[in-house]
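Enquirer: The structure follows.
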Amino acid sequence: MTKLFLRRLPLIAAGLFLLGPVAGPRLAFAGDASAGKDVFRAECSECHSVREGRNKKGPSLFGIVGRHAGSLPDYRYSDALQQAGWVWTPQKLQWYLSQPSRQANPGTRMKYDGLDDAEQRDDLISFLGTLH
Amino acid sequence: MLSFHPRPTRPRGLASLCALLVLLLLAASSPVQATAAFARQTGSACADCHAAAYGPALTPYGMRFKINGFTETDGEGTKLPLAAQVLAQYSRPARGASTTNLTEADLYVAGRLTDHVGGFVKVEADHQGDGGYATKLSNLDLRYVAHDLKLGGRDLVLGVSVNNNPGFDDPVGALPAPAYLGPPGVSGTLLNPSSPGSLAHRVVGAGVYGFYDALWYAEAGSYRSLSASRQDDLGYPLSGDPGKLSGTGYLRLAWMKDLKRQFFSAGVVALTTRRQRPRSAPTDDITDLGYDLSWQYLGNREHIVQLSYVDILERRHYGSAPLVPGLLAPSHATAHDQVLAATYTFRQSYGISASHLMSTGSRDPVRYGPPGDPATTSNRISLYWTPFGKDDSWTSVANLKLAASWSRFTRFNGRRSNVFGAPPGAPATDASDLDAFFVSASVMF
């Protein structure tokens, strides 16, 4: 049994490598999107809309997961965010939302103290991942 | 000091009843501060700033928008800073004829001029008993704000507000002026716009304010009364002139804690002035001191509960006393206003609000008429529906409000019955005769 496993290990590793990009984002959405909707309403909805093309004080969060930072054509971003150069992956959102926004991106106009509760962050990011 | 200045008019009989009903109608028909112009400017929905998507009660986000001088924007160009409201109302008083009227039409100039300058101006046309409309300048609040300052490493907003109603510019909606909710009665404090001789809209002043660390709000300001002729120009009858004010100071300190799902505030307020009323009369020294508490449960905005309590005590040292044979007018007096208000809103569309309003004061048979007790206790209960003004509604930047409201009096002039002291044999008015029921429809766009 052990020999069989060892013989197939390269095959298993290759499979995981190939499936990684597909499975990775799913694993990153560790939260409950339904609970995340409530988190969004409490934490984000005053400044951000989930509707495509609808900007408030902050840009629309429709399609935020996977989007390049500062890339919506119809929203006037701060220079700091336009030059950030990152993509809003689930991991990046985790990092960004876990601290005050002005610490994560000095110069941003966004005023947010951060979300300390890791479970709520997971839920929120899972909800954001549904906005496509 | 005794003098022969005209004795303040004491409410009497049918005329007084009519005057009170007009006051109630105005109070019931103007609880609005939401302006569609702000929603268009910011891209926000009405419901972002107002729990019931129609005002006046502000969410913490709405409070910050106000503190920031109405200047925040979605960055998508200049928006027309105009909005309008039309209100129609069916009124059924306990005593008197029912009426249905287009009660009020309002024009708002509201929004940002620059990154640092914004304002709110309301001009309203009120239905009159003769079928016509009287136009007046209602609330005005013009601001200059310096944002994004730092003090000791903490955020600081500094601003100046020029306004015409002490307390109206306050971000916490607990004080009578911003809440559009003050106890009616024959006495009442200067900070209560429902008081006789109220300062609201008949003064102009400025306050310097600061909001530190998103937690502490402080303001200091001063006011002077407009000349009687200027009040007349702006649509206010001379009979309500608050008199000549001097040495007027306004102070406010509030602690505001926004926890996103809940909000707490506690504050103190003070107003002091030297008043000559009538303008040639000796000077009265008047000082208001008050405190207010508020709590909001916002959660995920599905169920919102808002509670507030405000308690204002006014001390008066009269410079003169009207002479009435056989009666002695006191030279010192107090007036005391208290409001306890509770609102529940479901899905920011359906709501019920209830308030308990008390106006009491020291006994004064000369100024208030025998027996001289100014105590008035009333309640207001309102059910309403605001179908729009949410992110996911047909329109998020305009709204309709349908409301049914009851005004109920349990005590007036210190009495439950014969509140105006009608002589034996004459028709008497009981406190419950001042009750009224209203159904209103208003549109803001």
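Here, A, B, ... name the chains of the structure tokens in the order displayed, residue numbers run from 1 inside each chain, and ligands are numbered from 1 in the same displayed order.
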Please extract the residues of segment 54-284 of chain B with a backbone DSSP assignment of strand (DSSP E or B) and present them as a PyMOL selection string.

Expert: chain B and resi 58+82-93+99-112+117-127+133-151+154-163+203-212+216-225+244-258+262-276+284

Enquirer: Hey, what's within 8 Å of Asn300 of chain B if we count only C-alpha atoms and toss same-chain stuff fewer than 6 positions away? As a list in words, please?

Expert: Asp38, Val39, Arg41 and Ala42 of chain A; Arg261 of chain B

Enquirer: Can you spit out the residues from that selection as a short mmCIF file (atom, residue, chain, number, x, y, z; two decimals), in the first residue's frame, using N, CA, C and O atoms?

Expert:
```cif
data_model
loop_
_atom_site.label_atom_id
_atom_site.label_comp_id
_atom_site.auth_asym_id
_atom_site.auth_seq_id
_atom_site.Cartn_x
_atom_site.Cartn_y
_atom_site.Cartn_z
N ASP A 38 -24.56 40.07 5.86
CA ASP A 38 -24.88 40.89 7.04
C ASP A 38 -23.68 41.74 7.45
O ASP A 38 -23.82 42.89 7.86
N VAL A 39 -22.48 41.13 7.37
CA VAL A 39 -21.28 41.89 7.70
C VAL A 39 -21.14 43.07 6.74
O VAL A 39 -20.83 44.19 7.14
N ARG A 41 -23.49 44.65 5.15
CA ARG A 41 -24.48 45.68 5.45
C ARG A 41 -24.04 46.56 6.62
O ARG A 41 -24.26 47.76 6.62
N ALA A 42 -23.43 45.92 7.62
CA ALA A 42 -23.04 46.67 8.80
C ALA A 42 -21.75 47.46 8.58
O ALA A 42 -21.61 48.57 9.08
N ARG B 261 -22.57 48.31 14.47
CA ARG B 261 -23.86 47.64 14.70
C ARG B 261 -24.63 48.32 15.82
O ARG B 261 -25.83 48.07 15.99
#
```

Enquirer: Hey, which of B:Tyr144, B:Trp385, B:Phe263, B:Tyr291 ends up closest to chain A? Count only C-alpha atoms.

Expert: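 Under the stated criterion, the closest residue is B:Phe263.
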
Enquirer: Within 12 Å of chain A, which residues belong to chain B? Use only C-alpha atoms and report them as a ChimeraX atom specification.

Expert: /B:38-51,59-62,64-65,71-77,147-148,155,213-214,258-263,297-304,347,390-393,396-397

Enquirer: Would you list the contacts of Val172 of chain B as a short mmCIF file (atom, residue, chain, number, x, y, z; two decimals) with all heavy atoms, in the first residue's frame, taking every protein, DNA or RNA residue within 9 Å and counting only C-alpha atoms, but skipping same-chain residues closer than 2 positions in sequence?

Expert:
```cif
data_model
loop_
_atom_site.label_atom_id
_atom_site.label_comp_id
_atom_site.auth_asym_id
_atom_site.auth_seq_id
_atom_site.Cartn_x
_atom_site.Cartn_y
_atom_site.Cartn_z
N ALA B 57 -34.22 61.21 11.89
CA ALA B 57 -33.22 60.54 12.71
C ALA B 57 -32.04 60.07 11.86
O ALA B 57 -32.23 59.37 10.86
CB ALA B 57 -33.84 59.36 13.44
N LEU B 58 -30.85 60.45 12.26
CA LEU B 58 -29.65 60.13 11.49
C LEU B 58 -29.01 58.84 11.98
O LEU B 58 -29.01 58.54 13.17
CB LEU B 58 -28.62 61.25 11.62
CG LEU B 58 -28.95 62.58 10.95
CD1 LEU B 58 -27.93 63.64 11.37
CD2 LEU B 58 -28.97 62.44 9.44
N PRO B 60 -25.27 56.84 12.30
CA PRO B 60 -23.93 57.38 12.54
C PRO B 60 -23.27 57.89 11.25
O PRO B 60 -22.54 58.89 11.26
CB PRO B 60 -23.17 56.20 13.13
CG PRO B 60 -24.23 55.37 13.77
CD PRO B 60 -25.45 55.51 12.90
N MET B 63 -24.60 61.24 10.58
CA MET B 63 -23.99 62.22 11.49
C MET B 63 -22.63 62.68 10.97
O MET B 63 -22.29 63.86 11.02
CB MET B 63 -23.83 61.60 12.89
CG MET B 63 -25.13 61.27 13.58
SD MET B 63 -24.82 60.43 15.16
CE MET B 63 -26.42 59.70 15.48
N ASP B 169 -27.69 72.40 14.12
CA ASP B 169 -26.49 71.89 13.44
C ASP B 169 -25.85 70.73 14.18
O ASP B 169 -24.85 70.18 13.73
CB ASP B 169 -25.47 73.02 13.26
CG ASP B 169 -24.99 73.58 14.59
OD1 ASP B 169 -25.79 73.60 15.54
OD2 ASP B 169 -23.82 73.99 14.68
N ASP B 170 -26.44 70.32 15.30
CA ASP B 170 -25.82 69.25 16.09
C ASP B 170 -25.92 67.91 15.37
O ASP B 170 -26.97 67.58 14.81
CB ASP B 170 -26.51 69.15 17.45
CG ASP B 170 -25.70 68.33 18.43
OD1 ASP B 170 -24.63 68.82 18.84
OD2 ASP B 170 -26.11 67.20 18.75
N ALA B 174 -30.64 64.08 19.10
CA ALA B 174 -31.44 64.01 20.32
C ALA B 174 -31.99 65.37 20.75
O ALA B 174 -33.05 65.45 21.36
CB ALA B 174 -30.62 63.41 21.45
N LEU B 175 -31.27 66.44 20.45
CA LEU B 175 -31.74 67.76 20.87
C LEU B 175 -33.02 68.12 20.12
O LEU B 175 -33.24 67.66 19.00
CB LEU B 175 -30.65 68.81 20.61
CG LEU B 175 -29.32 68.61 21.34
CD1 LEU B 175 -28.34 69.74 21.00
CD2 LEU B 175 -29.55 68.56 22.84
N PRO B 178 -32.69 69.50 16.02
CA PRO B 178 -32.45 68.55 14.94
C PRO B 178 -33.44 67.40 14.91
O PRO B 178 -33.66 66.79 13.86
CB PRO B 178 -31.03 68.05 15.20
CG PRO B 178 -30.78 68.28 16.64
CD PRO B 178 -31.56 69.52 16.99
N ALA B 179 -34.06 67.10 16.07
CA ALA B 179 -35.03 66.00 16.12
C ALA B 179 -36.40 66.46 15.62
O ALA B 179 -37.27 65.63 15.42
CB ALA B 179 -35.15 65.47 17.53
N ALA B 254 -20.25 66.42 23.20
CA ALA B 254 -20.90 65.11 23.08
C ALA B 254 -19.86 64.03 22.84
O ALA B 254 -18.87 64.24 22.12
CB ALA B 254 -21.92 65.11 21.95
N MET B 256 -19.52 60.37 21.20
CA MET B 256 -20.26 59.59 20.19
C MET B 256 -19.45 58.34 19.87
O MET B 256 -18.33 58.44 19.37
CB MET B 256 -20.44 60.42 18.91
CG MET B 256 -21.14 61.75 19.13
SD MET B 256 -20.91 62.94 17.78
CE MET B 256 -21.68 62.07 16.43
N SER B 265 -24.38 57.65 22.44
CA SER B 265 -23.93 59.03 22.62
C SER B 265 -24.40 59.55 23.97
O SER B 265 -25.42 59.11 24.51
CB SER B 265 -24.45 59.94 21.51
OG SER B 265 -25.80 60.28 21.72
N GLY B 267 -24.27 63.57 25.89
CA GLY B 267 -23.81 64.93 25.67
C GLY B 267 -24.39 65.91 26.67
O GLY B 267 -25.35 65.61 27.39
N SER B 294 -28.36 58.85 23.87
CA SER B 294 -29.01 58.13 22.77
C SER B 294 -28.34 56.79 22.55
O SER B 294 -27.16 56.59 22.89
CB SER B 294 -28.98 58.96 21.48
OG SER B 294 -27.73 58.91 20.87
#
```

Enquirer: By how many Å are atom CA of Val324 of chain B and atom CA of Gly421 of chain B apart?

Expert: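 One can read the atom CA of Val324 of chain B to atom CA of Gly421 of chain B distance as 17.0 Å.
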